[in-house]
$ cat run_21.tsv   # TSV, C-alpha atoms and all ligand atoms
chain	number	residue	atom	x	y	z
A	13	MET	CA	149.60	168.76	92.56
A	14	LEU	CA	147.84	171.55	94.45
A	15	PRO	CA	149.60	173.14	97.45
A	16	ASP	CA	149.34	171.49	100.86
A	17	HIS	CA	147.08	173.03	103.43
A	18	PRO	CA	148.75	175.26	106.01
A	19	ALA	CA	148.92	173.52	109.39
A	20	GLU	CA	147.71	176.42	111.54
A	21	LEU	CA	144.73	178.74	111.41
A	22	ASP	CA	144.79	182.48	111.90
A	23	SER	CA	144.05	182.91	115.64
A	24	SER	CA	140.89	185.01	115.16
A	25	VAL	CA	139.44	182.43	112.74
A	26	LEU	CA	140.38	179.64	115.13
A	27	GLU	CA	138.61	181.41	118.04
A	28	GLU	CA	135.49	182.01	115.99
A	29	ALA	CA	135.42	178.39	114.79
A	30	ILE	CA	135.76	177.08	118.36
A	31	GLU	CA	133.01	179.44	119.54
A	32	GLN	CA	130.67	178.20	116.80
A	33	LEU	CA	131.45	174.54	117.55
A	34	ALA	CA	131.04	175.04	121.32
A	35	GLY	CA	127.66	176.70	120.63
A	36	GLY	CA	126.50	173.55	118.81
A	37	ASN	CA	126.80	175.04	115.32
A	38	CYS	CA	128.35	173.59	112.18
A	39	VAL	CA	131.57	174.93	110.67
A	40	ALA	CA	132.78	174.07	107.15
A	41	ILE	CA	136.41	172.97	107.32
A	42	PRO	CA	138.92	172.25	104.56
A	43	THR	CA	140.65	168.85	104.68
A	44	GLU	CA	143.15	167.28	102.30
A	45	THR	CA	140.30	165.30	100.66
A	46	VAL	CA	137.16	167.49	100.48
A	47	TYR	CA	135.49	170.16	102.64
A	48	GLY	CA	133.71	168.78	105.72
A	49	LEU	CA	130.58	170.08	107.48
A	50	ALA	CA	131.84	169.71	111.04
A	51	ALA	CA	130.10	169.71	114.41
A	52	ASP	CA	130.86	168.55	117.97
A	53	ALA	CA	130.45	164.76	117.77
A	54	THR	CA	129.42	164.56	121.45
A	55	ASN	CA	126.53	167.05	121.08
A	56	GLY	CA	123.33	165.48	119.68
A	57	LEU	CA	121.77	168.78	118.65
A	58	ALA	CA	124.90	169.85	116.81
A	59	VAL	CA	125.06	166.51	114.99
A	60	ALA	CA	121.36	166.74	114.11
A	61	ARG	CA	122.11	170.12	112.48
A	62	ILE	CA	124.51	168.37	110.10
A	63	PHE	CA	121.77	165.97	108.97
A	64	GLU	CA	119.30	168.82	108.67
A	65	MET	CA	121.66	171.01	106.60
A	66	LYS	CA	122.65	168.15	104.29
A	67	GLY	CA	119.15	166.72	103.97
A	68	ARG	CA	120.87	163.41	104.69
A	69	PRO	CA	119.00	160.11	105.28
A	70	LYS	CA	119.32	159.31	108.97
A	71	PHE	CA	120.53	155.74	108.47
A	72	ASN	CA	123.88	157.03	107.31
A	73	PRO	CA	126.54	157.24	110.00
A	74	LEU	CA	129.05	160.11	110.00
A	75	ILE	CA	132.84	159.99	110.04
A	76	CYS	CA	134.34	161.21	113.29
A	77	HIS	CA	137.50	163.29	112.85
A	78	VAL	CA	140.24	163.18	115.47
A	79	SER	CA	143.52	165.02	116.07
A	80	ASP	CA	145.59	161.88	116.66
A	81	LEU	CA	145.58	158.15	117.43
A	82	ASP	CA	145.27	158.81	121.21
A	83	MET	CA	141.98	160.63	120.71
A	84	ALA	CA	140.85	157.89	118.28
A	85	GLU	CA	141.47	155.17	120.88
A	86	THR	CA	139.13	156.89	123.34
A	87	LEU	CA	136.36	156.46	120.74
A	88	GLY	CA	137.04	153.17	118.98
A	89	VAL	CA	138.65	149.82	119.79
A	90	PHE	CA	141.89	149.37	117.87
A	91	ASP	CA	143.43	145.93	117.35
A	92	ASP	CA	146.98	145.48	116.02
A	93	THR	CA	145.81	145.74	112.40
A	94	ALA	CA	143.84	148.94	112.94
A	95	ARG	CA	146.75	150.47	114.85
A	96	LYS	CA	149.20	149.54	112.11
A	97	LEU	CA	146.99	151.18	109.48
A	98	ALA	CA	146.50	154.32	111.59
A	99	MET	CA	150.22	154.62	112.22
A	100	ALA	CA	151.04	154.19	108.54
A	101	PHE	CA	148.39	156.46	106.99
A	102	TRP	CA	147.44	159.05	109.62
A	103	PRO	CA	147.22	161.95	109.37
A	104	GLY	CA	145.83	161.34	105.92
A	105	PRO	CA	142.99	160.21	103.66
A	106	LEU	CA	142.10	156.89	105.35
A	107	THR	CA	138.96	156.27	107.45
A	108	LEU	CA	138.98	153.23	109.73
A	109	VAL	CA	135.68	151.68	110.80
A	110	VAL	CA	136.31	149.89	114.12
A	111	PRO	CA	134.14	148.68	117.04
A	112	LEU	CA	132.82	151.57	119.14
A	113	ASN	CA	134.58	152.01	122.48
A	114	PRO	CA	131.75	151.61	125.03
A	115	GLN	CA	133.36	154.35	127.20
A	116	SER	CA	133.18	156.95	124.44
A	117	ASP	CA	130.81	159.90	124.75
A	118	ILE	CA	130.07	160.05	121.01
A	119	HIS	CA	126.43	160.85	120.32
A	120	PRO	CA	124.57	157.79	118.90
A	121	LEU	CA	123.37	159.85	115.92
A	122	VAL	CA	126.99	159.88	114.70
A	123	THR	CA	127.29	156.10	114.56
A	124	ALA	CA	123.64	155.44	113.66
A	125	ASN	CA	123.77	152.94	116.54
A	126	LEU	CA	125.78	150.48	114.42
A	127	GLY	CA	128.15	149.52	117.25
A	128	THR	CA	131.06	150.63	115.06
A	129	ILE	CA	132.60	154.05	114.44
A	130	GLY	CA	134.29	155.58	111.37
A	131	LEU	CA	137.45	157.45	112.45
A	132	ARG	CA	139.75	159.64	110.42
A	133	CYS	CA	142.68	161.88	111.34
A	134	PRO	CA	142.96	164.66	108.73
A	135	THR	CA	146.03	166.81	108.01
A	136	GLY	CA	146.41	170.58	108.21
A	137	VAL	CA	144.03	173.10	109.75
A	138	ALA	CA	141.33	170.49	110.41
A	139	SER	CA	143.68	168.62	112.70
A	140	SER	CA	144.82	171.74	114.59
A	141	LEU	CA	141.20	172.86	114.99
A	142	ILE	CA	140.25	169.49	116.54
A	143	ARG	CA	143.31	169.58	118.81
A	144	ASP	CA	142.42	173.08	120.07
A	145	PHE	CA	138.70	172.30	120.37
A	146	GLY	CA	139.68	169.19	122.35
A	147	LYS	CA	136.82	167.04	121.09
A	148	PRO	CA	136.19	164.94	117.99
A	149	LEU	CA	134.29	166.47	115.09
A	150	ALA	CA	131.64	164.62	113.12
A	151	ALA	CA	132.07	165.80	109.54
A	152	PRO	CA	130.54	164.45	106.37
A	153	SER	CA	131.39	166.19	103.12
A	154	ALA	CA	129.97	169.75	103.08
A	155	ASN	CA	127.42	169.22	100.31
A	156	ARG	CA	123.71	168.55	100.17
A	157	SER	CA	123.06	164.80	100.27
A	158	GLY	CA	123.69	163.06	96.94
A	159	LYS	CA	125.47	166.06	95.40
A	160	LEU	CA	129.13	166.59	94.55
A	161	SER	CA	131.58	166.99	97.42
A	162	PRO	CA	133.03	170.51	97.62
A	163	THR	CA	136.75	171.06	97.18
A	164	THR	CA	136.80	174.86	97.60
A	165	ALA	CA	135.24	177.35	100.06
A	166	ASP	CA	133.24	178.79	97.13
A	167	HIS	CA	131.68	175.38	96.40
A	168	VAL	CA	130.50	175.23	100.03
A	169	ARG	CA	129.06	178.75	99.81
A	170	SER	CA	127.08	177.84	96.70
A	171	GLU	CA	125.83	174.63	98.35
A	172	PHE	CA	124.37	176.49	101.37
A	173	PRO	CA	123.65	180.02	100.09
A	174	ASP	CA	120.87	180.73	102.58
A	175	LYS	CA	122.62	179.44	105.71
A	176	ASN	CA	124.61	181.45	108.20
A	177	LEU	CA	127.57	179.09	108.14
A	178	LEU	CA	131.18	179.78	109.10
A	179	ILE	CA	133.30	178.50	106.20
A	180	ILE	CA	137.03	178.32	106.85
A	181	ASP	CA	138.82	179.51	103.74
A	182	GLY	CA	141.80	177.53	102.55
A	183	PRO	CA	143.48	176.52	99.33
A	184	PRO	CA	141.56	173.91	97.26
A	185	CYS	CA	141.58	170.44	98.84
A	186	ASN	CA	144.67	168.87	97.29
A	187	ILE	CA	143.44	165.28	96.98
A	188	GLY	CA	139.93	166.22	95.86
A	189	ILE	CA	138.26	162.86	96.40
A	190	GLU	CA	136.88	161.43	99.67
A	191	SER	CA	138.96	159.22	101.97
A	192	THR	CA	139.36	155.48	101.51
A	193	ILE	CA	137.12	153.69	104.05
A	194	VAL	CA	138.21	150.33	105.49
A	195	LYS	CA	136.37	148.33	108.11
A	196	VAL	CA	138.64	146.42	110.50
A	197	GLU	CA	136.94	143.51	112.23
A	198	ASP	CA	138.50	140.37	113.76
A	199	ARG	CA	141.64	140.83	111.63
A	200	LYS	CA	139.47	140.98	108.50
A	201	LEU	CA	139.44	144.07	106.32
A	202	THR	CA	136.56	145.27	104.15
A	203	LEU	CA	136.93	148.11	101.68
A	204	LEU	CA	133.78	150.23	102.04
A	205	ARG	CA	134.85	153.04	99.71
A	206	PRO	CA	137.91	153.28	97.43
A	207	GLY	CA	140.04	156.42	97.73
A	208	SER	CA	143.57	157.65	97.31
A	209	VAL	CA	144.98	155.13	99.79
A	210	THR	CA	144.87	152.06	97.57
A	211	VAL	CA	144.09	148.39	98.27
A	212	GLU	CA	147.72	147.59	97.36
A	213	GLN	CA	149.07	150.05	99.96
A	214	ILE	CA	146.74	148.67	102.63
A	215	THR	CA	147.68	145.07	101.86
A	216	GLU	CA	151.36	145.94	101.90
A	217	CYS	CA	151.01	147.72	105.24
A	218	CYS	CA	149.35	144.95	107.25
A	219	GLY	CA	149.63	141.82	105.11
A	220	ILE	CA	145.85	141.44	104.86
A	221	GLU	CA	144.04	142.03	101.59
A	222	PRO	CA	140.76	143.93	102.04
A	223	ARG	CA	137.60	142.22	100.85
A	224	ILE	CA	135.68	144.40	98.40
A	225	THR	CA	132.02	144.72	99.47
A	226	ASP	CA	129.58	143.30	97.00
A	227	SER	CA	126.44	142.87	99.11
A	228	GLY	CA	123.40	145.03	98.45
A	229	LYS	CA	123.42	146.15	102.09
A	230	ILE	CA	124.26	149.82	102.47
A	231	GLU	CA	127.28	150.20	104.70
A	232	ALA	CA	128.20	153.69	103.47
A	233	PRO	CA	126.15	156.26	101.53
A	234	GLY	CA	128.99	156.42	99.07
A	235	MET	CA	127.78	152.90	98.23
A	236	LEU	CA	124.34	154.09	97.11
A	237	LYS	CA	124.24	153.43	93.37
A	238	SER	CA	123.49	157.10	92.63
A	239	HIS	CA	125.67	159.46	94.67
A	240	TYR	CA	128.18	162.24	94.06
A	241	ALA	CA	125.95	163.44	91.21
A	242	PRO	CA	126.11	166.68	89.22
A	243	ASP	CA	122.86	168.11	87.77
A	244	ALA	CA	123.78	167.04	84.25
A	245	LYS	CA	123.47	163.45	83.02
A	246	VAL	CA	126.86	161.72	82.97
A	247	ILE	CA	128.01	159.26	80.29
A	248	MET	CA	131.24	157.40	80.97
A	249	ASN	CA	133.85	156.05	78.54
A	250	CYS	CA	132.54	158.30	75.82
A	251	SER	CA	134.41	158.53	72.56
A	252	THR	CA	131.75	159.88	70.18
A	253	ASP	CA	130.75	163.55	69.84
A	254	LEU	CA	127.20	164.27	70.97
A	255	PRO	CA	125.53	167.53	69.97
A	256	SER	CA	125.30	170.12	72.79
A	257	ALA	CA	127.11	167.89	75.28
A	258	GLY	CA	129.92	168.94	77.61
A	259	TYR	CA	133.18	166.98	77.70
A	260	LEU	CA	135.29	165.91	80.61
A	261	MET	CA	138.48	164.64	79.11
A	262	PHE	CA	141.59	162.87	80.36
A	263	GLY	CA	145.03	162.73	78.82
A	264	PRO	CA	146.40	164.33	75.66
A	265	GLU	CA	143.18	164.66	73.64
A	266	LYS	CA	142.20	167.31	71.13
A	267	ASN	CA	140.12	170.02	72.77
A	268	SER	CA	137.46	170.10	70.04
A	269	VAL	CA	134.69	172.15	71.73
A	270	ALA	CA	136.73	174.48	73.90
A	271	ASP	CA	133.84	176.21	75.65
A	272	THR	CA	132.27	173.07	77.00
A	273	SER	CA	135.36	170.87	77.37
A	274	LEU	CA	137.56	170.51	80.39
A	275	ASN	CA	140.54	168.20	80.68
A	276	LEU	CA	141.02	166.55	84.10
A	277	SER	CA	144.72	166.10	83.34
A	278	PRO	CA	146.14	166.77	79.88
A	279	THR	CA	149.28	164.81	80.87
A	280	GLY	CA	147.22	161.81	82.07
A	281	ASN	CA	148.14	162.24	85.76
A	282	LEU	CA	145.55	160.51	88.00
A	283	LEU	CA	146.43	162.62	91.07
A	284	GLU	CA	145.72	165.80	89.13
A	285	ALA	CA	142.52	164.26	87.71
A	286	ALA	CA	141.19	163.38	91.19
A	287	ALA	CA	141.95	166.89	92.47
A	288	ASN	CA	140.02	168.44	89.54
A	289	LEU	CA	137.14	165.95	89.32
A	290	TYR	CA	134.42	167.62	91.40
A	291	SER	CA	135.27	171.22	90.54
A	292	TYR	CA	135.24	170.44	86.79
A	293	LEU	CA	131.90	168.59	87.04
A	294	LYS	CA	130.54	171.64	88.88
A	295	GLU	CA	131.98	174.00	86.27
A	296	LEU	CA	130.30	172.04	83.45
A	297	ASP	CA	127.04	172.07	85.46
A	298	SER	CA	127.28	175.84	85.81
A	299	LYS	CA	127.27	176.15	82.00
A	300	GLY	CA	123.78	174.60	81.96
A	301	ILE	CA	124.98	171.53	80.02
A	302	GLU	CA	122.50	168.62	79.98
A	303	THR	CA	124.93	165.79	79.31
A	304	ILE	CA	128.56	165.38	80.31
A	305	CYS	CA	130.58	162.88	78.25
A	306	VAL	CA	133.57	161.55	80.15
A	307	SER	CA	136.62	160.06	78.46
A	308	PRO	CA	137.86	156.63	79.57
A	309	ILE	CA	140.03	156.82	82.69
A	310	PRO	CA	142.49	153.99	83.41
A	311	ASN	CA	141.06	151.72	86.11
A	312	GLU	CA	144.23	151.43	88.18
A	313	GLY	CA	145.54	153.09	91.36
A	314	LEU	CA	143.62	156.29	92.05
A	315	GLY	CA	141.75	155.72	88.77
A	316	ILE	CA	139.67	153.05	90.59
A	317	ALA	CA	138.32	155.69	93.02
A	318	ILE	CA	137.73	158.20	90.20
A	319	ASN	CA	135.80	155.62	88.14
A	320	ASP	CA	133.84	154.59	91.28
A	321	ARG	CA	132.64	158.20	91.76
A	322	LEU	CA	131.90	158.61	88.03
A	323	GLN	CA	129.85	155.37	87.96
A	324	ARG	CA	127.68	156.71	90.79
A	325	ALA	CA	127.39	160.09	89.06
A	326	ALA	CA	126.29	158.26	85.89
A	327	ALA	CA	123.81	155.90	87.63
A	328	PRO	CA	120.04	156.46	87.34
A	329	ARG	CA	119.12	159.06	89.97
A	330	GLN	CA	117.41	157.96	93.18
A	331	HIS	CA	117.49	161.38	94.81
A	332	SER	CA	114.85	164.03	94.54
A	401	LIG	O1	137.28	162.42	102.92
A	401	LIG	C1	136.32	162.20	103.65
A	401	LIG	O2	136.10	161.09	104.19
A	401	LIG	C2	135.34	163.36	103.90
A	401	LIG	C3	136.07	164.45	104.68
A	401	LIG	C4	135.19	165.59	105.08
A	401	LIG	O3	136.70	163.89	105.80
A	401	LIG	N1	134.18	162.92	104.60
A	401	LIG	C5	133.22	162.18	104.02
A	401	LIG	O4	132.22	161.89	104.89
A	401	LIG	O5	133.23	161.80	102.86
A	401	LIG	P1	130.81	161.32	104.46
A	401	LIG	O6	129.98	161.33	105.72
A	401	LIG	O7	130.26	162.07	103.30
A	401	LIG	O8	131.09	159.86	104.13
A	401	LIG	C6	131.46	159.03	105.19
A	401	LIG	C7	131.25	157.61	104.92
A	401	LIG	C8	129.80	157.40	104.74
A	401	LIG	O9	129.65	156.67	103.53
A	401	LIG	C9	129.39	156.63	105.98
A	401	LIG	O10	128.33	155.77	105.78
A	401	LIG	C10	130.65	155.88	106.30
A	401	LIG	O11	131.65	156.83	106.03
A	401	LIG	N2	130.68	155.51	107.69
A	401	LIG	C11	130.86	156.29	108.76
A	401	LIG	N3	130.77	155.56	109.89
A	401	LIG	C12	130.54	154.28	109.51
A	401	LIG	C13	130.33	153.05	110.20
A	401	LIG	N4	130.34	152.99	111.52
A	401	LIG	N5	130.13	151.94	109.47
A	401	LIG	C14	130.11	151.98	108.13
A	401	LIG	N6	130.29	153.12	107.42
A	401	LIG	C15	130.50	154.25	108.09
A	402	MG	MG	129.66	162.78	101.12

$ encode --input "run_21.tsv" --output "structure tokens"
Amino acid sequence: MLPDHPAELDSSVLEEAIEQLAGGNCVAIPTETVYGLAADATNGLAVARIFEMKGRPKFNPLICHVSDLDMAETLGVFDDTARKLAMAFWPGPLTLVVPLNPQSDIHPLVTANLGTIGLRCPTGVASSLIRDFGKPLAAPSANRSGKLSPTTADHVRSEFPDKNLLIIDGPPCNIGIESTIVKVEDRKLTLLRPGSVTVEQITECCGIEPRITDSGKIEAPGMLKSHYAPDAKVIMNCSTDLPSAGYLMFGPEKNSVADTSLNLSPTGNLLEAAANLYSYLKELDSKGIETICVSPIPNEGLGIAINDRLQRAAAPRQHS
């Protein structure tokens, strides 16, 4: 596993980040899952900048990041189930979608006027930045819409080369895959996006098994059929050799074409595979490969989230 993020920021970086946020600008922040493109969630212009930078369709609401459960309860309405989940998994890679607290001063662009709000309390520097800024940060992943989520500061730089964007440097995001999203509504749970907090853990925590969404209605952009896509075409569960393809392998396989093969985890560890997923897809992309063949990945535990992202990367492209 990659190292944990340090909890505190260097004071000059912290001051600069707060100045940028207070001025209505975006700041790229490392979290335990992926890098976020953060802005003051109460400032409409700042939030609009996120959409503009990402080229993101406006119907997609943004996750609001908080420093703790107290801040979260000023923004959303928590019932016993939501509180139980927050207490068990926060800070950490779980986003809770709950009814919007009518008293909150969140800008409506953040929630896309849905009447609900997605809340997440991250670990490390992101959490201390929010605490010191004193306001929630809207932060989708720091990539252009439909592209791979960044897990290093360099990925973010290459995503926005022409923008004057403060990017907080940190070690690579140690989980490497976006948070699990669960909607909590009238004691019913709906899994909107699988992630490293699993359905089993959620069920065990509150005794309610989340329903898996199957409707065609878009409740999260991660549910668009094509999302999280590299430039190359992706073929899943590949076992045959294709000429001039790149290989993304898993487990103890022979590394036949060393130059264009990367192994997500030679020992077959799903945590390691999730942490490497986006950076390896990017690395294969950077070699100008047209097709990436991906080995089968066990569809259990974190493997469910990895296969979910790979299915969307492999789907016919809907993005320009
Ligand atoms: O790990 C993560 O969640 C990362 C890091 C930066 O925290 N963030 C992230 O954000 O992946 P984003 O915006 O790329 O994905 C957030 C998902 C979207 O699919 C969005 O539609 C959904 O959360 N979402 C946010 N608010 C929602 C709401 N009120 N109802 C339904 N879905 C919501
Ligand atoms: Mg994203």

$ closest_residue --input "run_21.tsv" --among "A:Gly315, A:Gly219, A:Pro328, A:Pro120" --to "ligand LIG 401 (chain A)" --atoms "all atoms listed in the file"
A:Pro120

$ atom_distance --input "run_21.tsv" --atom1 "atom CA of A:Cys76" --atom2 "atom CA of A:Leu282"
27.7 Å

$ residues_around --input "run_21.tsv" --residues "A:Asp82" --least-positions-apart "5" --cutoff "12 Å" --atoms "all atoms listed in the file" --output "list in words"
Leu87, Gly88, Val89, Phe90, Arg95, Ala98, Met99, Trp102, Leu131, Cys133, Arg143, Gly146, Lys147 and Pro148 of chain A

$ closest_residue --input "run_21.tsv" --among "A:Asp22, A:Glu295, A:Glu221, A:Glu190" --to "A:Ile75" --atoms "only C-alpha atoms"
A:Glu190

$ residues_around --input "run_21.tsv" --residues "A:Glu171" --least-positions-apart "5" --cutoff "8 Å" --atoms "only C-alpha atoms" --output "list in words"
Ala154, Asn155 and Arg156 of chain A

$ write_last_selection --input "run_21.tsv" --atoms "C-alpha atoms" --output "mmCIF file, in the coordinates of the input"
data_model
loop_
_atom_site.group_PDB
_atom_site.id
_atom_site.type_symbol
_atom_site.label_atom_id
_atom_site.label_comp_id
_atom_site.auth_asym_id
_atom_site.auth_seq_id
_atom_site.Cartn_x
_atom_site.Cartn_y
_atom_site.Cartn_z
ATOM 1 C CA ALA A 154 129.970 169.750 103.080
ATOM 2 C CA ASN A 155 127.420 169.220 100.310
ATOM 3 C CA ARG A 156 123.710 168.550 100.170
#

$ closest_residue --input "run_21.tsv" --among "A:Ser191, A:Asn249, A:Asn311, A:Thr303" --to "ligand MG 402 (chain A)" --atoms "all atoms listed in the file"
A:Ser191

$ closest_atom_pairs --input "run_21.tsv" --of "chain A" --to "ligand MG 402 (chain A)" --cutoff "7 Å" --atoms "all atoms listed in the file" --output "tab-separated table"
residue	atom	partner	partner_atom	distance
A:Pro152	CA	A:MG402	MG	5.6
A:Ser153	CA	A:MG402	MG	4.3
A:Asn155	CA	A:MG402	MG	6.9
A:Ser157	CA	A:MG402	MG	7.0
A:Ser161	CA	A:MG402	MG	5.9
A:Gly234	CA	A:MG402	MG	6.7

$ residues_near_point --input "run_21.tsv" --point "(125.1, 161.3, 85.3)" --cutoff "9 Å" --atoms "all atoms listed in the file" --output "compact mmCIF listing (two decimals) with C-alpha atoms, in the frame of the given file"
# COMPACT_ATOMS: atom_id res chain seq x y z
CA SER A 238 123.49 157.10 92.63
CA ALA A 241 125.95 163.44 91.21
CA PRO A 242 126.11 166.68 89.22
CA ASP A 243 122.86 168.11 87.77
CA ALA A 244 123.78 167.04 84.25
CA LYS A 245 123.47 163.45 83.02
CA VAL A 246 126.86 161.72 82.97
CA ILE A 247 128.01 159.26 80.29
CA MET A 248 131.24 157.40 80.97
CA THR A 303 124.93 165.79 79.31
CA ILE A 304 128.56 165.38 80.31
CA LEU A 322 131.90 158.61 88.03
CA GLN A 323 129.85 155.37 87.96
CA ARG A 324 127.68 156.71 90.79
CA ALA A 325 127.39 160.09 89.06
CA ALA A 326 126.29 158.26 85.89
CA ALA A 327 123.81 155.90 87.63
CA PRO A 328 120.04 156.46 87.34
CA ARG A 329 119.12 159.06 89.97

$ closest_residue --input "run_21.tsv" --among "A:Val39, A:Ile179, A:Cys217, A:Ile309" --to "A:Cys250" --atoms "only C-alpha atoms"
A:Ile309

$ residues_near_ligand --input "run_21.tsv" --ligand "ligand LIG 401 (chain A)" --cutoff "7 Å" --atoms "only C-alpha atoms and all ligand atoms" --output "ChimeraX atom specification"
/A:43,45-49,72-75,105,107,109,123,126,128-130,132,134,151-154,189-191,193,231-235

$ write_last_selection --input "run_21.tsv" --atoms "C-alpha atoms" --output "PDB file, in the frame of the given file"
ATOM      1  CA  THR A  43     140.650 168.850 104.680  1.00  0.00           C
ATOM      2  CA  THR A  45     140.300 165.300 100.660  1.00  0.00           C
ATOM      3  CA  VAL A  46     137.160 167.490 100.480  1.00  0.00           C
ATOM      4  CA  TYR A  47     135.490 170.160 102.640  1.00  0.00           C
ATOM      5  CA  GLY A  48     133.710 168.780 105.720  1.00  0.00           C
ATOM      6  CA  LEU A  49     130.580 170.080 107.480  1.00  0.00           C
ATOM      7  CA  ASN A  72     123.880 157.030 107.310  1.00  0.00           C
ATOM      8  CA  PRO A  73     126.540 157.240 110.000  1.00  0.00           C
ATOM      9  CA  LEU A  74     129.050 160.110 110.000  1.00  0.00           C
ATOM     10  CA  ILE A  75     132.840 159.990 110.040  1.00  0.00           C
ATOM     11  CA  PRO A 105     142.990 160.210 103.660  1.00  0.00           C
ATOM     12  CA  THR A 107     138.960 156.270 107.450  1.00  0.00           C
ATOM     13  CA  VAL A 109     135.680 151.680 110.800  1.00  0.00           C
ATOM     14  CA  THR A 123     127.290 156.100 114.560  1.00  0.00           C
ATOM     15  CA  LEU A 126     125.780 150.480 114.420  1.00  0.00           C
ATOM     16  CA  THR A 128     131.060 150.630 115.060  1.00  0.00           C
ATOM     17  CA  ILE A 129     132.600 154.050 114.440  1.00  0.00           C
ATOM     18  CA  GLY A 130     134.290 155.580 111.370  1.00  0.00           C
ATOM     19  CA  ARG A 132     139.750 159.640 110.420  1.00  0.00           C
ATOM     20  CA  PRO A 134     142.960 164.660 108.730  1.00  0.00           C
ATOM     21  CA  ALA A 151     132.070 165.800 109.540  1.00  0.00           C
ATOM     22  CA  PRO A 152     130.540 164.450 106.370  1.00  0.00           C
ATOM     23  CA  SER A 153     131.390 166.190 103.120  1.00  0.00           C
ATOM     24  CA  ALA A 154     129.970 169.750 103.080  1.00  0.00           C
ATOM     25  CA  ILE A 189     138.260 162.860  96.400  1.00  0.00           C
ATOM     26  CA  GLU A 190     136.880 161.430  99.670  1.00  0.00           C
ATOM     27  CA  SER A 191     138.960 159.220 101.970  1.00  0.00           C
ATOM     28  CA  ILE A 193     137.120 153.690 104.050  1.00  0.00           C
ATOM     29  CA  GLU A 231     127.280 150.200 104.700  1.00  0.00           C
ATOM     30  CA  ALA A 232     128.200 153.690 103.470  1.00  0.00           C
ATOM     31  CA  PRO A 233     126.150 156.260 101.530  1.00  0.00           C
ATOM     32  CA  GLY A 234     128.990 156.420  99.070  1.00  0.00           C
ATOM     33  CA  MET A 235     127.780 152.900  98.230  1.00  0.00           C
TER      34      MET A 235
END

$ atom_distance --input "run_21.tsv" --atom1 "atom CA of A:Ile142" --atom2 "atom CA of A:Ser79"
5.6 Å

$ closest_residue --input "run_21.tsv" --among "A:Ile118, A:Ser277, A:Val194, A:Thr210" --to "A:Thr225" --atoms "only C-alpha atoms"
A:Val194

$ atom_distance --input "run_21.tsv" --atom1 "atom CA of A:Gly300" --atom2 "atom CA of A:Ser256"
10.3 Å

$ decode --input "run_21.tsv" --residues "stretch 139-152 of chain A" --atoms "N, CA and C atoms" --output "mmCIF file, in the first residue's frame"
data_model
loop_
_atom_site.group_PDB
_atom_site.id
_atom_site.type_symbol
_atom_site.label_atom_id
_atom_site.label_comp_id
_atom_site.auth_asym_id
_atom_site.auth_seq_id
_atom_site.Cartn_x
_atom_site.Cartn_y
_atom_site.Cartn_z
ATOM 1 N N SER A 139 -8.672 17.480 4.741
ATOM 2 C CA SER A 139 -9.504 17.750 5.909
ATOM 3 C C SER A 139 -8.970 18.944 6.693
ATOM 4 N N SER A 140 -7.632 19.055 6.848
ATOM 5 C CA SER A 140 -7.126 20.205 7.610
ATOM 6 C C SER A 140 -7.309 21.504 6.831
ATOM 7 N N LEU A 141 -7.247 21.421 5.497
ATOM 8 C CA LEU A 141 -7.489 22.634 4.692
ATOM 9 C C LEU A 141 -8.934 23.126 4.883
ATOM 10 N N ILE A 142 -9.888 22.191 4.860
ATOM 11 C CA ILE A 142 -11.305 22.578 5.034
ATOM 12 C C ILE A 142 -11.514 23.166 6.433
ATOM 13 N N ARG A 143 -10.913 22.518 7.420
ATOM 14 C CA ARG A 143 -11.057 23.002 8.805
ATOM 15 C C ARG A 143 -10.538 24.440 8.899
ATOM 16 N N ASP A 144 -9.354 24.708 8.329
ATOM 17 C CA ASP A 144 -8.773 26.046 8.440
ATOM 18 C C ASP A 144 -9.499 27.059 7.560
ATOM 19 N N PHE A 145 -10.019 26.615 6.422
ATOM 20 C CA PHE A 145 -10.787 27.521 5.551
ATOM 21 C C PHE A 145 -12.135 27.831 6.218
ATOM 22 N N GLY A 146 -12.665 26.858 6.944
ATOM 23 C CA GLY A 146 -13.897 27.073 7.716
ATOM 24 C C GLY A 146 -15.175 26.919 6.914
ATOM 25 N N LYS A 147 -15.047 26.516 5.655
ATOM 26 C CA LYS A 147 -16.239 26.329 4.828
ATOM 27 C C LYS A 147 -16.086 25.036 4.023
ATOM 28 N N PRO A 148 -17.218 24.455 3.611
ATOM 29 C CA PRO A 148 -17.129 23.227 2.810
ATOM 30 C C PRO A 148 -16.567 23.492 1.420
ATOM 31 N N LEU A 149 -15.910 22.483 0.875
ATOM 32 C CA LEU A 149 -15.351 22.612 -0.478
ATOM 33 C C LEU A 149 -16.065 21.663 -1.432
ATOM 34 N N ALA A 150 -16.586 22.223 -2.517
ATOM 35 C CA ALA A 150 -17.104 21.375 -3.594
ATOM 36 C C ALA A 150 -15.889 20.869 -4.352
ATOM 37 N N ALA A 151 -15.801 19.580 -4.584
ATOM 38 C CA ALA A 151 -14.614 19.054 -5.275
ATOM 39 C C ALA A 151 -14.908 17.773 -6.025
ATOM 40 N N PRO A 152 -15.101 17.873 -7.326
ATOM 41 C CA PRO A 152 -15.120 16.662 -8.147
ATOM 42 C C PRO A 152 -13.675 16.227 -8.397
#
